[in-house]
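Containing mmCIF, C-alpha atoms: input-v1.cif.
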data_coords
loop_
_atom_site.label_atom_id
_atom_site.label_comp_id
_atom_site.auth_asym_id
_atom_site.auth_seq_id
_atom_site.Cartn_x
_atom_site.Cartn_y
_atom_site.Cartn_z
CA MET A 1 -74.63 -87.04 85.49
CA ASN A 2 -76.10 -90.27 86.79
CA ARG A 3 -76.39 -93.29 84.58
CA MET A 4 -79.93 -93.43 83.24
CA ALA A 5 -81.92 -96.56 82.42
CA ARG A 6 -85.28 -97.78 81.24
CA LEU A 7 -87.31 -100.37 83.09
CA ILE A 8 -89.42 -102.47 80.73
CA ASP A 9 -92.03 -104.50 82.56
CA ILE A 10 -93.22 -107.17 80.14
CA THR A 11 -95.93 -108.30 82.54
CA ARG A 12 -97.60 -104.91 82.05
CA CYS A 13 -97.17 -104.35 78.30
CA THR A 14 -100.45 -104.41 76.37
CA ALA A 15 -98.82 -104.29 72.91
CA CYS A 16 -100.53 -101.03 71.93
CA ARG A 17 -97.27 -100.21 70.12
CA GLY A 18 -97.44 -96.56 71.03
CA CYS A 19 -93.69 -96.72 71.70
CA GLN A 20 -93.07 -97.91 68.16
CA VAL A 21 -94.99 -94.98 66.70
CA SER A 22 -93.65 -92.33 69.09
CA CYS A 23 -90.09 -93.50 68.38
CA LYS A 24 -90.63 -93.01 64.67
CA ARG A 25 -92.32 -89.70 65.26
CA TRP A 26 -89.60 -88.18 67.45
CA ASN A 27 -86.77 -89.50 65.29
CA GLU A 28 -88.59 -88.71 62.03
CA LEU A 29 -88.28 -92.20 60.61
CA PRO A 30 -90.40 -93.36 57.68
CA GLY A 31 -93.05 -96.07 57.94
CA GLU A 32 -92.13 -99.33 56.27
CA ILE A 33 -95.21 -101.17 55.12
CA GLY A 34 -94.12 -104.76 54.89
CA PRO A 35 -95.94 -107.97 54.14
CA PHE A 36 -98.21 -109.55 56.71
CA THR A 37 -96.10 -111.66 59.08
CA GLY A 38 -98.76 -114.18 60.14
CA SER A 39 -99.02 -112.67 63.60
CA PRO A 40 -99.98 -109.28 65.00
CA GLN A 41 -96.24 -108.52 65.13
CA SER A 42 -95.64 -105.80 62.56
CA HIS A 43 -92.24 -106.86 61.21
CA THR A 44 -89.85 -109.72 61.79
CA ASP A 45 -86.92 -107.65 63.03
CA LEU A 46 -85.53 -104.17 63.59
CA SER A 47 -84.23 -102.19 60.61
CA PRO A 48 -82.20 -99.00 60.04
CA ASN A 49 -85.50 -97.11 60.14
CA ARG A 50 -87.10 -99.05 62.99
CA TRP A 51 -85.21 -98.68 66.24
CA THR A 52 -87.77 -100.30 68.48
CA MET A 53 -90.55 -102.80 67.98
CA ILE A 54 -92.78 -105.10 69.96
CA LYS A 55 -92.18 -108.81 69.52
CA PHE A 56 -95.10 -111.12 70.26
CA PHE A 57 -94.68 -114.43 72.06
CA GLU A 58 -97.52 -116.96 72.30
CA GLU A 59 -96.83 -119.46 75.03
CA LYS A 60 -98.79 -122.63 75.67
CA LYS A 61 -98.09 -123.69 79.21
CA ASP A 62 -99.58 -126.25 81.58
CA SER A 63 -101.16 -123.37 83.50
CA GLY A 64 -102.86 -122.13 80.31
CA PHE A 65 -102.23 -119.88 77.37
CA GLU A 66 -100.06 -116.83 77.83
CA TRP A 67 -99.34 -114.01 75.43
CA HIS A 68 -96.40 -111.73 76.10
CA PHE A 69 -95.00 -108.71 74.32
CA ARG A 70 -91.38 -107.65 74.56
CA LYS A 71 -90.19 -104.26 73.42
CA THR A 72 -86.99 -104.87 71.49
CA THR A 73 -84.55 -102.01 71.61
CA CYS A 74 -80.90 -101.14 72.14
CA MET A 75 -79.92 -102.13 75.69
CA HIS A 76 -77.28 -99.39 76.08
CA CYS A 77 -75.08 -101.92 77.89
CA GLY A 78 -72.65 -101.08 80.65
CA ASP A 79 -69.96 -102.88 78.65
CA PRO A 80 -71.11 -102.31 75.06
CA GLY A 81 -69.75 -104.69 72.46
CA CYS A 82 -70.53 -102.29 69.63
CA VAL A 83 -68.36 -99.52 71.11
CA LYS A 84 -65.55 -102.02 71.50
CA ALA A 85 -65.97 -103.31 67.98
CA CYS A 86 -66.16 -99.94 66.23
CA PRO A 87 -62.91 -99.35 64.37
CA ASN A 88 -63.51 -95.65 63.75
CA GLY A 89 -64.55 -94.38 67.19
CA ALA A 90 -68.03 -93.67 65.84
CA LEU A 91 -69.72 -95.19 68.89
CA VAL A 92 -69.22 -93.72 72.31
CA LYS A 93 -70.64 -94.40 75.72
CA ALA A 94 -72.05 -91.15 77.05
CA GLU A 95 -71.94 -90.21 80.71
CA ASN A 96 -75.68 -90.70 81.11
CA GLY A 97 -75.47 -94.28 79.86
CA ALA A 98 -76.52 -93.77 76.25
CA VAL A 99 -74.49 -95.55 73.61
CA ARG A 100 -74.23 -92.80 71.01
CA ARG A 101 -73.30 -92.95 67.40
CA ILE A 102 -71.39 -90.10 65.78
CA GLU A 103 -72.93 -89.79 62.35
CA GLU A 104 -69.86 -88.33 60.57
CA LYS A 105 -67.54 -91.01 61.84
CA CYS A 106 -69.75 -94.01 61.04
CA ILE A 107 -68.67 -95.79 57.87
CA GLY A 108 -71.28 -98.54 57.97
CA CYS A 109 -68.71 -101.33 58.22
CA GLY A 110 -71.06 -103.46 60.34
CA TYR A 111 -68.49 -104.54 62.95
CA CYS A 112 -70.91 -103.38 65.66
CA VAL A 113 -73.51 -105.82 64.29
CA LYS A 114 -71.05 -108.66 64.93
CA GLY A 115 -70.12 -107.25 68.32
CA CYS A 116 -73.68 -106.94 69.67
CA PRO A 117 -74.98 -110.01 71.51
CA PHE A 118 -78.61 -108.84 71.03
CA GLY A 119 -78.54 -108.20 67.26
CA ILE A 120 -79.64 -104.57 67.60
CA PRO A 121 -77.48 -102.47 65.21
CA LYS A 122 -78.67 -102.46 61.61
CA VAL A 123 -76.66 -101.07 58.73
CA ASP A 124 -78.30 -98.95 56.08
CA GLN A 125 -76.50 -100.34 53.04
CA VAL A 126 -77.44 -97.40 50.83
CA ALA A 127 -76.31 -94.61 53.17
CA LYS A 128 -73.49 -96.80 54.58
CA LYS A 129 -74.45 -95.86 58.11
CA MET A 130 -75.39 -97.97 61.10
CA ARG A 131 -78.60 -96.94 62.83
CA LYS A 132 -80.04 -97.88 66.19
CA CYS A 133 -81.86 -96.49 69.21
CA THR A 134 -80.14 -93.36 70.51
CA PHE A 135 -81.79 -93.55 73.96
CA CYS A 136 -83.34 -90.25 72.81
CA TYR A 137 -80.05 -88.60 73.75
CA ASP A 138 -81.37 -85.22 72.62
CA ARG A 139 -84.34 -85.58 74.96
CA ILE A 140 -82.70 -87.10 78.03
CA SER A 141 -79.80 -84.64 78.03
CA ASN A 142 -82.41 -81.88 78.21
CA GLY A 143 -84.32 -83.35 81.11
CA LEU A 144 -87.06 -85.11 79.13
CA THR A 145 -87.93 -88.80 79.15
CA PRO A 146 -87.33 -90.88 76.01
CA ALA A 147 -90.23 -90.84 73.53
CA CYS A 148 -91.17 -94.47 74.20
CA ALA A 149 -91.29 -94.05 77.97
CA LYS A 150 -93.28 -90.84 77.61
CA THR A 151 -96.02 -92.48 75.56
CA CYS A 152 -96.32 -95.78 77.44
CA VAL A 153 -99.89 -95.99 78.76
CA PRO A 154 -99.65 -98.91 81.24
CA ARG A 155 -96.29 -97.59 82.51
CA ALA A 156 -94.52 -100.69 81.28
CA ILE A 157 -91.61 -98.47 80.21
CA VAL A 158 -90.27 -96.32 83.02
CA PHE A 159 -87.29 -94.01 82.72
CA GLY A 160 -85.02 -92.93 85.55
CA THR A 161 -81.59 -93.31 87.04
CA TRP A 162 -80.14 -96.80 86.86
CA ASN A 163 -80.21 -97.25 90.63
CA ASP A 164 -83.85 -96.12 90.88
CA MET A 165 -84.85 -98.45 88.05
CA ALA A 166 -83.03 -101.37 89.68
CA LYS A 167 -84.98 -100.68 92.87
CA LEU A 168 -88.27 -100.32 90.99
CA ALA A 169 -87.54 -103.59 89.18
CA ASP A 170 -87.41 -105.37 92.54
CA GLU A 171 -90.82 -103.91 93.48
CA ARG A 172 -92.33 -104.81 90.11
CA LEU A 173 -90.87 -108.31 90.38
CA LEU A 174 -92.72 -108.89 93.64
CA GLN A 175 -95.97 -107.83 91.94
CA ALA A 176 -95.28 -109.97 88.89
CA GLN A 177 -94.42 -113.02 90.93
CA LYS A 178 -97.98 -113.13 92.28
CA LYS A 179 -99.20 -113.96 88.80
CA TYR A 180 -96.08 -115.49 87.23
CA PRO A 181 -94.16 -117.60 89.76
CA ASN A 182 -91.14 -117.84 87.43
CA ALA A 183 -90.89 -114.07 86.96
CA GLN A 184 -87.37 -112.70 86.92
CA ILE A 185 -85.31 -109.57 86.33
CA TYR A 186 -83.05 -109.38 83.32
CA GLY A 187 -80.35 -106.80 82.77
CA LYS A 188 -79.12 -105.97 86.26
CA ASP A 189 -75.99 -108.08 86.13
CA GLU A 190 -75.63 -108.79 82.42
CA LEU A 191 -72.78 -107.03 80.59
CA GLY A 192 -72.00 -104.58 83.34
CA GLY A 193 -75.70 -103.81 83.88
CA LEU A 194 -77.87 -103.09 80.86
CA GLY A 195 -79.46 -99.73 80.25
CA VAL A 196 -82.72 -101.63 79.86
CA ILE A 197 -83.87 -103.63 82.87
CA TYR A 198 -86.59 -106.12 82.00
CA VAL A 199 -89.13 -107.71 84.29
CA LEU A 200 -89.85 -110.99 82.54
CA PRO A 201 -92.66 -113.42 83.33
CA ASP A 202 -90.42 -116.41 82.65
CA ASN A 203 -87.01 -117.51 81.37
CA PRO A 204 -85.32 -114.94 79.06
CA ALA A 205 -84.89 -117.63 76.40
CA ASN A 206 -88.69 -117.64 75.95
CA TYR A 207 -88.54 -114.01 74.87
CA ASP A 208 -85.73 -114.23 72.34
CA LEU A 209 -83.09 -112.97 74.79
CA PRO A 210 -79.72 -114.64 75.36
CA VAL A 211 -79.71 -116.15 78.87
CA HIS A 212 -76.04 -115.29 79.45
CA PRO A 213 -75.19 -112.55 76.94
CA LYS A 214 -71.49 -112.45 76.16
CA LEU A 215 -69.39 -110.40 73.83
CA PRO A 216 -67.83 -112.51 71.08
CA PHE A 217 -64.55 -114.09 72.21
CA SER A 218 -62.71 -112.92 69.11
CA LEU A 219 -63.72 -109.30 69.86
CA GLY A 220 -62.22 -109.47 73.35
CA LEU A 221 -59.12 -111.17 71.99
CA TRP A 222 -58.71 -108.57 69.27
CA LYS A 223 -59.45 -105.44 71.28
CA ASP A 224 -58.11 -106.43 74.72
CA VAL A 225 -55.06 -108.49 73.75
CA VAL A 226 -53.98 -108.00 70.14
CA HIS A 227 -54.62 -104.25 69.93
CA PRO A 228 -52.81 -103.22 73.16
CA ALA A 229 -50.06 -105.73 72.36
CA GLY A 230 -49.82 -104.27 68.87
CA LYS A 231 -49.63 -100.77 70.31
CA VAL A 232 -46.91 -101.88 72.74
CA LEU A 233 -45.04 -103.57 69.91
CA LEU A 234 -45.43 -100.53 67.69
CA GLY A 235 -44.13 -98.32 70.50
CA ALA A 236 -41.29 -100.72 71.15
CA GLY A 237 -40.50 -100.80 67.44
CA LEU A 238 -40.46 -97.01 67.24
CA ALA A 239 -38.33 -96.74 70.37
CA GLY A 240 -35.97 -99.35 68.96
CA THR A 241 -35.67 -97.44 65.71
CA ALA A 242 -34.97 -94.18 67.56
CA LEU A 243 -32.39 -95.87 69.72
CA ALA A 244 -30.74 -97.48 66.69
CA PHE A 245 -30.68 -94.07 65.00
CA ILE A 246 -29.02 -92.41 67.97
CA VAL A 247 -26.53 -95.23 68.43
CA SER A 248 -25.61 -95.32 64.75
CA ARG A 249 -25.25 -91.52 64.65
CA ARG A 250 -23.04 -91.60 67.69
CA ASN A 251 -20.95 -94.33 66.17
CA ALA A 252 -20.66 -92.42 62.90
CA PHE A 253 -19.74 -89.20 64.81
CA GLY A 254 -17.23 -91.12 66.91
CA GLN A 255 -15.63 -92.56 63.78
CA LYS A 256 -15.42 -89.09 62.21
CA GLU A 257 -13.87 -87.71 65.41
CA SER A 258 -11.30 -90.47 65.62
CA ALA A 259 -10.48 -90.02 61.91
CA LYS A 260 -9.91 -86.29 62.52
CA MET A 261 -7.84 -87.06 65.57
CA GLU A 262 -5.63 -89.25 63.42
CA GLU A 263 -5.24 -86.40 60.91
CA GLY A 264 -4.02 -84.18 63.65
CA GLY A 265 -6.53 -82.67 66.04
CA HIS A 266 -9.50 -80.31 65.80
CA ASP A 267 -9.80 -77.54 63.34
CA ASN A 268 -11.32 -74.66 65.27
CA GLU A 269 -14.05 -73.24 63.14
CA MET B 1 -136.54 -123.05 76.16
CA LEU B 2 -139.00 -120.45 77.45
CA ASN B 3 -139.66 -118.71 74.21
CA LYS B 4 -139.42 -120.00 70.66
CA ARG B 5 -138.77 -116.54 69.33
CA GLN B 6 -135.08 -116.01 68.62
CA ASN B 7 -135.06 -112.42 67.47
CA ASN B 8 -136.62 -109.20 68.50
CA PRO B 9 -139.61 -108.76 66.14
CA ALA B 10 -139.10 -104.98 66.19
CA ALA B 11 -135.44 -105.19 65.10
CA PHE B 12 -134.34 -102.83 62.39
CA LEU B 13 -133.72 -104.70 59.15
CA GLY B 14 -131.65 -103.48 56.24
CA LYS B 15 -132.39 -103.69 52.57
CA GLU B 16 -132.90 -106.93 50.68
CA GLY B 17 -129.76 -108.96 50.33
CA SER B 18 -127.91 -107.36 53.21
CA LYS B 19 -130.31 -108.90 55.75
CA LEU B 20 -130.27 -112.46 54.34
CA LYS B 21 -130.02 -115.11 57.01
CA GLY B 22 -127.48 -117.90 56.75
CA ASP B 23 -128.23 -121.43 57.84
CA ALA B 24 -125.94 -123.33 60.20
CA SER B 25 -125.85 -126.31 57.85
CA LYS B 26 -124.30 -124.21 55.10
CA TYR B 27 -122.40 -121.71 57.26
CA PRO B 28 -121.28 -123.64 60.34
CA ILE B 29 -118.71 -121.19 61.78
CA ILE B 30 -119.38 -118.23 64.06
CA CYS B 31 -117.67 -115.06 62.94
CA SER B 32 -117.10 -111.83 64.78
CA THR B 33 -115.67 -108.55 63.54
CA TRP B 34 -113.57 -106.38 65.79
CA ARG B 35 -111.12 -103.50 65.78
CA VAL B 36 -107.38 -103.29 66.34
CA CYS B 37 -106.09 -100.34 68.33
CA GLU B 38 -103.74 -99.32 65.50
CA HIS B 39 -106.59 -98.44 63.16
CA PHE B 40 -109.41 -96.04 63.71
CA HIS B 41 -112.91 -97.02 62.65
CA THR B 42 -112.99 -97.66 58.88
CA GLY B 43 -109.29 -96.83 58.69
CA ALA B 44 -109.79 -93.80 56.45
CA TYR B 45 -107.24 -91.86 58.51
CA SER B 46 -105.07 -94.59 59.93
CA ARG B 47 -104.67 -96.56 56.70
CA ASN B 48 -103.18 -93.43 55.14
CA MET B 49 -100.78 -92.93 58.02
CA PRO B 50 -97.51 -94.83 57.29
CA TRP B 51 -96.58 -95.31 60.95
CA LEU B 52 -99.93 -96.91 61.71
CA ALA B 53 -100.37 -98.69 58.39
CA GLU B 54 -97.08 -100.53 58.86
CA LEU B 55 -98.27 -101.94 62.18
CA VAL B 56 -101.29 -103.73 60.72
CA PRO B 57 -100.59 -103.98 57.00
CA ALA B 58 -103.42 -106.31 56.02
CA SER B 59 -106.87 -107.45 56.96
CA PHE B 60 -106.65 -110.81 58.67
CA VAL B 61 -108.89 -113.46 60.14
CA GLU B 62 -107.98 -115.26 63.33
CA ILE B 63 -108.55 -118.98 62.95
CA GLY B 64 -108.12 -121.51 65.75
CA GLU B 65 -105.58 -124.28 65.34
CA GLU B 66 -108.25 -127.02 65.31
CA LEU B 67 -110.25 -125.40 62.53
CA ALA B 68 -107.11 -124.63 60.53
CA ALA B 69 -106.01 -128.26 60.73
CA GLU B 70 -109.50 -129.41 59.68
CA LYS B 71 -109.50 -127.08 56.64
CA GLY B 72 -105.81 -127.44 55.81
CA ILE B 73 -105.15 -123.73 56.29
CA LYS B 74 -101.64 -122.57 57.13
CA ASN B 75 -100.64 -119.37 58.86
CA GLY B 76 -100.37 -116.43 56.45
CA GLU B 77 -102.36 -118.07 53.67
CA MET B 78 -105.17 -116.36 51.80
CA VAL B 79 -108.62 -117.61 52.73
CA GLU B 80 -112.12 -116.76 51.64
CA VAL B 81 -114.73 -116.06 54.28
CA VAL B 82 -118.26 -116.54 52.92
CA SER B 83 -121.59 -115.63 54.48
CA ALA B 84 -125.13 -115.63 53.09
CA ARG B 85 -124.62 -111.98 52.17
CA GLY B 86 -121.19 -111.84 50.59
CA LYS B 87 -117.61 -112.97 50.66
CA VAL B 88 -114.20 -111.48 51.41
CA LYS B 89 -110.64 -112.61 50.85
CA VAL B 90 -108.40 -112.11 53.84
CA ILE B 91 -105.18 -113.54 55.25
CA ALA B 92 -105.44 -116.31 57.82
CA MET B 93 -103.76 -115.93 61.18
CA VAL B 94 -103.68 -119.36 62.77
CA THR B 95 -103.52 -118.96 66.51
CA PRO B 96 -104.12 -120.90 69.72
CA ARG B 97 -106.06 -117.87 70.97
CA ALA B 98 -109.29 -118.78 69.14
CA HIS B 99 -111.34 -121.31 71.07
CA VAL B 100 -113.90 -123.95 70.19
CA PHE B 101 -117.36 -123.60 71.69
CA ASN B 102 -119.46 -126.54 72.71
CA VAL B 103 -123.03 -125.80 71.64
CA HIS B 104 -125.63 -128.50 72.39
CA GLY B 105 -122.83 -131.10 72.44
CA LYS B 106 -121.48 -129.96 69.10
CA ASP B 107 -118.10 -128.34 68.52
CA VAL B 108 -118.57 -124.91 66.98
CA HIS B 109 -115.58 -122.86 65.89
CA GLN B 110 -115.33 -119.13 66.15
CA ILE B 111 -113.22 -116.91 63.94
CA GLY B 112 -112.65 -113.20 64.21
CA MET B 113 -111.62 -110.64 61.68
CA THR B 114 -110.61 -106.99 61.46
CA TRP B 115 -112.97 -104.64 59.70
CA HIS B 116 -110.87 -101.49 59.18
CA PHE B 117 -110.07 -102.15 55.56
CA GLY B 118 -111.22 -100.82 52.25
CA TYR B 119 -110.04 -100.28 48.72
CA GLN B 120 -108.13 -97.02 49.19
CA GLY B 121 -105.11 -96.03 51.24
CA LEU B 122 -101.57 -97.21 51.84
CA VAL B 123 -102.83 -100.58 52.96
CA THR B 124 -105.99 -102.06 51.51
CA GLY B 125 -108.17 -105.07 52.05
CA ASP B 126 -111.63 -106.46 51.46
CA ILE B 127 -114.54 -104.81 53.24
CA ALA B 128 -115.73 -106.86 56.18
CA ASN B 129 -119.20 -105.30 56.14
CA ASN B 130 -119.93 -107.32 53.00
CA LEU B 131 -120.24 -110.28 55.36
CA THR B 132 -122.14 -108.82 58.25
CA PRO B 133 -125.93 -108.78 58.55
CA HIS B 134 -127.47 -105.35 58.21
CA VAL B 135 -129.66 -105.77 61.24
CA GLY B 136 -129.97 -103.25 64.04
CA ASP B 137 -131.18 -103.07 67.57
CA ALA B 138 -134.87 -102.10 67.76
CA ASN B 139 -134.29 -99.03 69.89
CA THR B 140 -130.95 -97.70 68.76
CA SER B 141 -130.35 -99.56 65.46
CA ILE B 142 -126.86 -100.41 66.63
CA PRO B 143 -125.82 -103.02 64.07
CA GLU B 144 -125.22 -106.66 64.82
CA TYR B 145 -121.65 -107.15 63.64
CA LYS B 146 -120.39 -109.29 66.47
CA ALA B 147 -121.98 -112.67 65.78
CA PHE B 148 -123.01 -114.14 62.45
CA LEU B 149 -122.58 -117.37 60.52
CA VAL B 150 -119.91 -117.91 57.89
CA ASP B 151 -117.86 -120.58 56.22
CA VAL B 152 -114.12 -120.49 55.56
CA ARG B 153 -112.38 -121.92 52.56
CA LYS B 154 -108.83 -122.01 51.41
CA VAL B 155 -108.07 -120.20 48.17
CA THR B 156 -105.12 -120.68 45.91
CA ILE B 157 -103.86 -117.59 44.16
#

Just give me the structure as structure tokens.
Amino acid sequence: MNRMARLIDITRCTACRGCQVSCKRWNELPGEIGPFTGSPQSHTDLSPNRWTMIKFFEEKKDSGFEWHFRKTTCMHCGDPGCVKACPNGALVKAENGAVRRIEEKCIGCGYCVKGCPFGIPKVDQVAKKMRKCTFCYDRISNGLTPACAKTCVPRAIVFGTWNDMAKLADERLLQAQKKYPNAQIYGKDELGGLGVIYVLPDNPANYDLPVHPKLPFSLGLWKDVVHPAGKVLLGAGLAGTALAFIVSRRNAFGQKESAKMEEGGHDNE
Amino acid sequence: MLNKRQNNPAAFLGKEGSKLKGDASKYPIICSTWRVCEHFHTGAYSRNMPWLAELVPASFVEIGEELAAEKGIKNGEMVEVVSARGKVKVIAMVTPRAHVFNVHGKDVHQIGMTWHFGYQGLVTGDIANNLTPHVGDANTSIPEYKAFLVDVRKVTI
């Protein structure tokens, strides 16, 4: 199966927040009525029961006032830090690009939270489970579009194969650049190509996105160097032990033989 | 200008009290009520719907930065909006989106507030129609809830 992706065109989003509601509806997540945040933004961040939300950005520029809305969600990275960080194999990268979580294996340790450069995974401390966007794996593996893309009225969220979305992003960028000269694409080259390709009106830093997302250095060191080295060392240790066992047994057998020889040859049993 | 008459003489007027007219000297700010797309009408359905109620959890009033600085109002604070007909307590949303009008060389501020709230439901708030004039169009009696005079004050809880 082809790698799937979502294109999120921020220049088109009207902040109707249909995606936020349809996500909760499809995944049967409860509403969380929080305090008023001082802006039309509903909450300050994602939570175990809120896998996507619209963040509001008011920008005062020389050219005038601009108001932009970014859908925050799991990026389903090409090189996912969470999958790398998970000690229990509870996170897997599916063939269609979704970063899936295996409920039974998740122990809620929160290593994925540290491993994610976007701060997406949230741990439910009561259930001891991490929860995040599933890319509607149940829908997309049955030929449907994710709930958020399905509901999006201005077609700011488009779902398709990664290559198609990358092409569409180029088209949308040309449209966006007419109005926003600084418009740019985010997610094509970052972390092995993100599963979410954004069309941004300006610099990613303005929309709470890391400009050059990187996996934590310690994670790479641990998983790419220490772990394989540890495995090699463990293997070497085991091999050494086996070898020592064989050698010592041989020596012991040899000694027994020579002792018998001294006594006067084999006894034929 | 051409005509001294400001209002349609045939306009539909509500009962005493609800049609009282405020004076610009006492109520210098223009207020408008509007909807948010998350709530439907008076919110009777949507305020009881957790997924929608969480999106707009409180009634708020959008106040421009200039007016907020003048009145010492900070974002997220409780304010009281008063008109000749009533008053409501709502949360202030200080934003650069609200503009200042220049009317006859005078700076006039505009504020805008949601009106979907009431006293029942998962999320509640004061009723904005306590502020609005109960005056309707002469032909259709469509009410005038989009422009009326109010004053804003900071309240300490």

How close does region 80-178 of chain A get to region 45-54 of chain A? List, as a tab-separated table, each residue of region 80-178 of chain A within 8 Å, its nearest atom pair and the distance in Å to one decimal, counting all atoms listed in the file.
residue	atom	partner	partner_atom	distance
A:Ile120	CA	A:Leu46	CA	7.1
A:Pro121	CA	A:Pro48	CA	7.8
A:Lys122	CA	A:Pro48	CA	5.2
A:Val123	CA	A:Pro48	CA	6.1
A:Asp124	CA	A:Pro48	CA	5.6
A:Met130	CA	A:Pro48	CA	7.0
A:Arg131	CA	A:Pro48	CA	5.0
A:Lys132	CA	A:Trp51	CA	5.2
A:Cys133	CA	A:Trp51	CA	5.0

Compute the chain B side of the contact with chain A at 12 Å, counting all atoms listed in the file, and hand it back as a compact mmCIF listing (two decimals) with C-alpha atoms, in the frame of the given file.
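What follows is the written file part15.txt:
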# COMPACT_ATOMS: atom_id res chain seq x y z
CA VAL B 36 -107.38 -103.29 66.34
CA CYS B 37 -106.09 -100.34 68.33
CA GLU B 38 -103.74 -99.32 65.50
CA HIS B 39 -106.59 -98.44 63.16
CA ARG B 47 -104.67 -96.56 56.70
CA ASN B 48 -103.18 -93.43 55.14
CA MET B 49 -100.78 -92.93 58.02
CA PRO B 50 -97.51 -94.83 57.29
CA TRP B 51 -96.58 -95.31 60.95
CA LEU B 52 -99.93 -96.91 61.71
CA ALA B 53 -100.37 -98.69 58.39
CA GLU B 54 -97.08 -100.53 58.86
CA LEU B 55 -98.27 -101.94 62.18
CA VAL B 56 -101.29 -103.73 60.72
CA PRO B 57 -100.59 -103.98 57.00
CA ALA B 58 -103.42 -106.31 56.02
CA SER B 59 -106.87 -107.45 56.96
CA PHE B 60 -106.65 -110.81 58.67
CA VAL B 61 -108.89 -113.46 60.14
CA GLU B 62 -107.98 -115.26 63.33
CA ILE B 63 -108.55 -118.98 62.95
CA LYS B 74 -101.64 -122.57 57.13
CA ASN B 75 -100.64 -119.37 58.86
CA GLY B 76 -100.37 -116.43 56.45
CA GLU B 77 -102.36 -118.07 53.67
CA MET B 78 -105.17 -116.36 51.80
CA VAL B 90 -108.40 -112.11 53.84
CA ILE B 91 -105.18 -113.54 55.25
CA ALA B 92 -105.44 -116.31 57.82
CA MET B 93 -103.76 -115.93 61.18
CA VAL B 94 -103.68 -119.36 62.77
CA THR B 95 -103.52 -118.96 66.51
CA PRO B 96 -104.12 -120.90 69.72
CA ARG B 97 -106.06 -117.87 70.97
CA ALA B 98 -109.29 -118.78 69.14
CA HIS B 99 -111.34 -121.31 71.07
CA THR B 114 -110.61 -106.99 61.46
CA GLY B 121 -105.11 -96.03 51.24
CA LEU B 122 -101.57 -97.21 51.84
CA VAL B 123 -102.83 -100.58 52.96
CA THR B 124 -105.99 -102.06 51.51
CA GLY B 125 -108.17 -105.07 52.05

**Q.** Explicit residues for the PyMOL selection byres ((chain A and resi 83) around 12) (as an MDAnalysis selection string)
**A.** chainID A and resid 76:82 84:94 98:102 106 110:116 121 215 219:220 223

Please produce an output containing C-alpha atoms for each residue in the selection, written as a PDB file, keeping the file's coordinate frame.
ATOM      1  CA  HIS A  76     -77.280 -99.390  76.080  1.00  0.00           C
ATOM      2  CA  CYS A  77     -75.080-101.920  77.890  1.00  0.00           C
ATOM      3  CA  GLY A  78     -72.650-101.080  80.650  1.00  0.00           C
ATOM      4  CA  ASP A  79     -69.960-102.880  78.650  1.00  0.00           C
ATOM      5  CA  PRO A  80     -71.110-102.310  75.060  1.00  0.00           C
ATOM      6  CA  GLY A  81     -69.750-104.690  72.460  1.00  0.00           C
ATOM      7  CA  CYS A  82     -70.530-102.290  69.630  1.00  0.00           C
ATOM      8  CA  LYS A  84     -65.550-102.020  71.500  1.00  0.00           C
ATOM      9  CA  ALA A  85     -65.970-103.310  67.980  1.00  0.00           C
ATOM     10  CA  CYS A  86     -66.160 -99.940  66.230  1.00  0.00           C
ATOM     11  CA  PRO A  87     -62.910 -99.350  64.370  1.00  0.00           C
ATOM     12  CA  ASN A  88     -63.510 -95.650  63.750  1.00  0.00           C
ATOM     13  CA  GLY A  89     -64.550 -94.380  67.190  1.00  0.00           C
ATOM     14  CA  ALA A  90     -68.030 -93.670  65.840  1.00  0.00           C
ATOM     15  CA  LEU A  91     -69.720 -95.190  68.890  1.00  0.00           C
ATOM     16  CA  VAL A  92     -69.220 -93.720  72.310  1.00  0.00           C
ATOM     17  CA  LYS A  93     -70.640 -94.400  75.720  1.00  0.00           C
ATOM     18  CA  ALA A  94     -72.050 -91.150  77.050  1.00  0.00           C
ATOM     19  CA  ALA A  98     -76.520 -93.770  76.250  1.00  0.00           C
ATOM     20  CA  VAL A  99     -74.490 -95.550  73.610  1.00  0.00           C
ATOM     21  CA  ARG A 100     -74.230 -92.800  71.010  1.00  0.00           C
ATOM     22  CA  ARG A 101     -73.300 -92.950  67.400  1.00  0.00           C
ATOM     23  CA  ILE A 102     -71.390 -90.100  65.780  1.00  0.00           C
ATOM     24  CA  CYS A 106     -69.750 -94.010  61.040  1.00  0.00           C
ATOM     25  CA  GLY A 110     -71.060-103.460  60.340  1.00  0.00           C
ATOM     26  CA  TYR A 111     -68.490-104.540  62.950  1.00  0.00           C
ATOM     27  CA  CYS A 112     -70.910-103.380  65.660  1.00  0.00           C
ATOM     28  CA  VAL A 113     -73.510-105.820  64.290  1.00  0.00           C
ATOM     29  CA  LYS A 114     -71.050-108.660  64.930  1.00  0.00           C
ATOM     30  CA  GLY A 115     -70.120-107.250  68.320  1.00  0.00           C
ATOM     31  CA  CYS A 116     -73.680-106.940  69.670  1.00  0.00           C
ATOM     32  CA  PRO A 121     -77.480-102.470  65.210  1.00  0.00           C
ATOM     33  CA  LEU A 215     -69.390-110.400  73.830  1.00  0.00           C
ATOM     34  CA  LEU A 219     -63.720-109.300  69.860  1.00  0.00           C
ATOM     35  CA  GLY A 220     -62.220-109.470  73.350  1.00  0.00           C
ATOM     36  CA  LYS A 223     -59.450-105.440  71.280  1.00  0.00           C
TER      37      LYS A 223
END

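Those residues returned by the PyMOL selection byres ((chain B and resi 18) around 7) for this file are Gly14, Lys15, Glu16, Gly17, Lys19, Leu20, Arg85, Pro133 and His134 of chain B.
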